[in-house]
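First comes the structure, then the notes that go with it.
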There are 2 protein chains.
Amino acid sequence: MFLYTKNFEEQKAKAMEGLSKALAEGKVDEDIITLLEKINALENYFTTSSCSGRISVMEMPHFGDKVNSVWLGKWHREVTIEEVFEAIGKHKSGQLWFLVRSPILHVGARTLEDAVKLLNLAIGLGFKYSNIKSVSHRKLLVEIRSTERMDVPLGADGELWVSEDYIRRIVGIANDQLRRFKGKLRRLEEEVGKLSQSQ
Amino acid sequence: MFLYTKNFEEQKAKAMEGLSKALAEGKVDEDIITLLEKINALENYFTTSSCSGRISVMEMPHFGDKVNSVWLGKWHREVTIEEVFEAIGKHKSGQLWFLVRSPILHVGARTLEDAVKLLNLAIGLGFKYSNIKSVSHRKLLVEIRSTERMDVPLGADGELWVSEDYIRRIVGIANDQLRRFKGKLRRLEEEVGKLSQSQ
């Protein structure tokens, strides 16, 4: 395959600078740092952004309006019922949602072949929604994503539509999903070093 | 860009044969047929699978176990409250979920450049989760997907966790999402012909 990223070294250096800054400011999810370091230690890859997956309570004017959305609570770990209730208590207007999002990593690759190798590794480890996000000489970007997800409307305009018991149940399901995708992240961390072998 | 699909004509012929069969058997969502025809009329593309987006009620042993999941109700159009209640009434065991899924189209492309052109068109028309699913000489596959989605637990093992009123509300939100992604499909149908101009 002939497609490769022009100025790969330059792009990687810039991304590493951004990462150092984000790390210094505590803006990187703690449980993903080792994985990022392992990927960035590889000659042909660098990370550009990441989230280790999360459970959240969000208020938004209407579904999909990210710009005007506000997180009332956000956790990259298992949550307790009490934490979720506390977040819900802050709700005032708009739609209130309980959300689970899988981990997401964006990784720049040197060549298209490198991109496809990482894509296949990730899919094989259970990150089934992984894909190639952009393909050009300017940017070869792999997106690593898993299938776990919840989008549950809880209420609107200050009114709650569900019972305390219901919230207890969906928090249980969300924590199950979180444990599952954190396990996948650990496996990726163990396996990603393999990508250096065939160079 | 140098990457292209080997045996493109052969693959397209085979895909068209499969599509004819699926059409004859009524297995293709009606409101997506014109779009598929327009894509397949283009020299450098062919569709391999598609869904026009749907609202469903599903019973599954646990989240993500697709193999043992059963649809109690599935609609590629707006639903009524009564239809959803009827589906819920069939629930017996496992987890009961109310789901919305955006349209999804898989499109084979002749060259990587063709793939990227379609990807950019789709993203520009609001199909923001579109991506390149696989990249090789064997297969260049674009996935067209949008962001609308709901995953709402309704109950388990015969027990319902939510009120009738809650179901009424989430059906309203689901119908909103459906109208939105059907609108995107119509715009894609109008615009996809543009991809033939620069050849």
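Identifiers for the structure tokens are assigned positionally: chains receive A, B, ... in sequence, residues are indexed from 1 per chain, and ligands are indexed from 1 in the order shown.
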
Spatial neighbours of Glu59 in chain B, max dist 10 Å, only C-alpha atoms, sep filter under 3 positions, as an mmCIF file with N, CA and C atoms, in the first residue's frame:
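Writing done, so here's selection.cif:
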data_model
loop_
_atom_site.group_PDB
_atom_site.id
_atom_site.type_symbol
_atom_site.label_atom_id
_atom_site.label_comp_id
_atom_site.auth_asym_id
_atom_site.auth_seq_id
_atom_site.Cartn_x
_atom_site.Cartn_y
_atom_site.Cartn_z
ATOM 1 N N SER B 56 -37.111 -0.213 17.652
ATOM 2 C CA SER B 56 -37.472 -1.598 17.965
ATOM 3 C C SER B 56 -37.610 -1.853 19.455
ATOM 4 N N HIS B 62 -28.531 -10.802 27.740
ATOM 5 C CA HIS B 62 -27.820 -9.695 28.363
ATOM 6 C C HIS B 62 -27.347 -8.765 27.257
ATOM 7 N N PHE B 63 -27.008 -7.523 27.632
ATOM 8 C CA PHE B 63 -26.698 -6.501 26.632
ATOM 9 C C PHE B 63 -25.582 -6.951 25.684
ATOM 10 N N ASP B 65 -25.635 -9.395 23.541
ATOM 11 C CA ASP B 65 -25.758 -10.782 23.060
ATOM 12 C C ASP B 65 -26.737 -10.810 21.893
ATOM 13 N N LYS B 66 -26.219 -10.465 20.717
ATOM 14 C CA LYS B 66 -27.092 -10.354 19.548
ATOM 15 C C LYS B 66 -27.632 -11.708 19.113
ATOM 16 N N ASN B 68 -28.631 -14.314 20.682
ATOM 17 C CA ASN B 68 -29.824 -14.807 21.368
ATOM 18 C C ASN B 68 -30.887 -13.741 21.579
ATOM 19 N N SER B 69 -30.756 -12.638 20.854
ATOM 20 C CA SER B 69 -31.735 -11.571 20.978
ATOM 21 C C SER B 69 -32.944 -11.832 20.094
ATOM 22 N N VAL B 70 -34.098 -11.357 20.530
ATOM 23 C CA VAL B 70 -35.334 -11.523 19.762
ATOM 24 C C VAL B 70 -36.017 -10.164 19.643
ATOM 25 N N TRP B 71 -36.416 -9.800 18.428
ATOM 26 C CA TRP B 71 -37.202 -8.588 18.250
ATOM 27 C C TRP B 71 -38.655 -8.865 18.576
ATOM 28 N N LEU B 72 -39.196 -8.115 19.523
ATOM 29 C CA LEU B 72 -40.621 -8.231 19.818
ATOM 30 C C LEU B 72 -41.412 -7.263 18.940
ATOM 31 N N GLY B 73 -40.728 -6.269 18.419
ATOM 32 C CA GLY B 73 -41.336 -5.314 17.495
ATOM 33 C C GLY B 73 -40.230 -4.564 16.776
ATOM 34 N N ILE B 88 -44.199 -4.882 23.840
ATOM 35 C CA ILE B 88 -43.763 -5.049 25.224
ATOM 36 C C ILE B 88 -44.554 -6.180 25.896
ATOM 37 N N LYS B 90 -45.349 -8.889 24.791
ATOM 38 C CA LYS B 90 -44.826 -10.220 24.428
ATOM 39 C C LYS B 90 -43.607 -10.626 25.251
ATOM 40 N N HIS B 91 -43.105 -9.703 26.063
ATOM 41 C CA HIS B 91 -41.872 -9.960 26.819
ATOM 42 C C HIS B 91 -42.047 -11.065 27.863
ATOM 43 N N LYS B 92 -41.077 -11.973 27.907
ATOM 44 C CA LYS B 92 -41.140 -13.064 28.885
ATOM 45 C C LYS B 92 -39.930 -13.132 29.801
ATOM 46 N N SER B 93 -38.705 -13.104 29.205
ATOM 47 C CA SER B 93 -37.512 -13.284 30.041
ATOM 48 C C SER B 93 -36.316 -12.527 29.458
ATOM 49 N N GLY B 94 -35.261 -12.417 30.220
ATOM 50 C CA GLY B 94 -34.087 -11.675 29.789
ATOM 51 C C GLY B 94 -34.307 -10.179 29.974
ATOM 52 N N GLN B 95 -33.389 -9.362 29.389
ATOM 53 C CA GLN B 95 -33.533 -7.904 29.455
ATOM 54 C C GLN B 95 -34.421 -7.413 28.328
ATOM 55 N N LEU B 96 -35.268 -6.433 28.647
ATOM 56 C CA LEU B 96 -36.147 -5.842 27.641
ATOM 57 C C LEU B 96 -35.655 -4.430 27.326
ATOM 58 N N TRP B 97 -35.383 -4.153 26.045
ATOM 59 C CA TRP B 97 -34.833 -2.846 25.642
ATOM 60 C C TRP B 97 -35.691 -2.187 24.577
ATOM 61 N N PHE B 98 -35.731 -0.858 24.636
ATOM 62 C CA PHE B 98 -36.318 -0.038 23.571
ATOM 63 C C PHE B 98 -35.148 0.618 22.829
ATOM 64 N N PRO B 153 -33.295 0.596 28.764
ATOM 65 C CA PRO B 153 -33.786 -0.622 29.422
ATOM 66 C C PRO B 153 -35.224 -0.400 29.879
ATOM 67 N N LEU B 154 -36.112 -1.342 29.588
ATOM 68 C CA LEU B 154 -37.516 -1.198 29.982
ATOM 69 C C LEU B 154 -37.893 -2.135 31.123
ATOM 70 N N GLY B 155 -37.143 -3.241 31.256
ATOM 71 C CA GLY B 155 -37.482 -4.209 32.290
ATOM 72 C C GLY B 155 -36.670 -5.479 32.128
ATOM 73 N N ALA B 156 -37.008 -6.487 32.926
ATOM 74 C CA ALA B 156 -36.309 -7.769 32.827
ATOM 75 C C ALA B 156 -37.163 -8.884 33.419
ATOM 76 N N ASP B 157 -36.974 -10.071 32.861
ATOM 77 C CA ASP B 157 -37.629 -11.276 33.377
ATOM 78 C C ASP B 157 -39.119 -11.082 33.629
#

**OP:** Mind the document's chain letters and residue numbers, and return as an MDAnalysis selection string the residues of range 41-180 of chain A that DSSP labels helix (DSSP H, G or I).
**Re:** chainID A and resid 81:88 112:124 164:180

Residues of chain A that have any atom at most 9 Å from an atom of chain B: could you tabulate them with the shortest-distance atom pair and the distance in Å to one decimal, using only C-alpha atoms, ordered by chain and increasing number, as CSV?
residue,atom,partner,partner_atom,distance
A:Met1,CA,B:Leu3,CA,6.6
A:Phe2,CA,B:Phe2,CA,6.3
A:Leu3,CA,B:Met1,CA,6.6
A:Phe63,CA,B:Glu148,CA,8.3
A:Gly64,CA,B:Glu148,CA,7.6
A:Leu112,CA,B:Val135,CA,8.3
A:Glu113,CA,B:Ser136,CA,8.8
A:Val116,CA,B:Val135,CA,6.9
A:Leu119,CA,B:Ser134,CA,8.8
A:Tyr129,CA,B:Lys133,CA,8.9
A:Ser130,CA,B:Lys133,CA,8.0
A:Asn131,CA,B:Lys133,CA,5.3
A:Ile132,CA,B:Ile132,CA,5.1
A:Lys133,CA,B:Asn131,CA,5.3
A:Ser134,CA,B:Asn131,CA,7.4
A:Val135,CA,B:Val116,CA,6.9
A:Ser136,CA,B:Val116,CA,8.3
A:His137,CA,B:Met1,CA,8.8
A:Thr147,CA,B:Gly64,CA,7.8
A:Glu148,CA,B:Gly64,CA,7.7
A:Arg149,CA,B:Asp151,CA,7.2
A:Met150,CA,B:Asp151,CA,5.0
A:Asp151,CA,B:Asp151,CA,5.0
A:Val152,CA,B:Val152,CA,5.0
A:Pro153,CA,B:Ile170,CA,7.0
A:Leu154,CA,B:Tyr166,CA,8.8
A:Gly155,CA,B:Tyr166,CA,8.8
A:Trp161,CA,B:Tyr166,CA,5.8
A:Val162,CA,B:Val162,CA,6.4
A:Ser163,CA,B:Val162,CA,7.4
A:Asp165,CA,B:Trp161,CA,7.9
A:Tyr166,CA,B:Trp161,CA,5.8
A:Arg169,CA,B:Trp161,CA,8.5
A:Ile170,CA,B:Pro153,CA,7.0
A:Ile173,CA,B:Phe63,CA,8.5
A:Gln177,CA,B:Phe63,CA,8.3

Original post:
Which of these, A:Lys128, A:Arg186, A:Lys21, A:His106, has the shortest distance to Phe46 in chain A once you count only C-alpha atoms?
Top reply: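 Distance minimum relative to Phe46 in chain A lands on A:His106.
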
**OP:** Name the residues of chain A that come out as strand (DSSP E or B) in a backbone DSSP run; write them as a PyMOL selection string.
**Re:** chain A and resi 4+45-51+54-60+70-75+95-101+104-109+111+131-135+140-145+149-156+159-160

**OP:** Enter the distance from CA of Phe127 in chain A to CA of Arg168 in chain A, in Å, rounded to one decimal.
**Re:**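 Between CA of Phe127 in chain A and CA of Arg168 in chain A the gap works out to 27.4 Å.
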
Original post:
Could you work out how far CA of Gly172 in chain A lies from CA of Phe85 in chain A, giving the answer in Å with one decimal?
Top reply: 13.6 Å
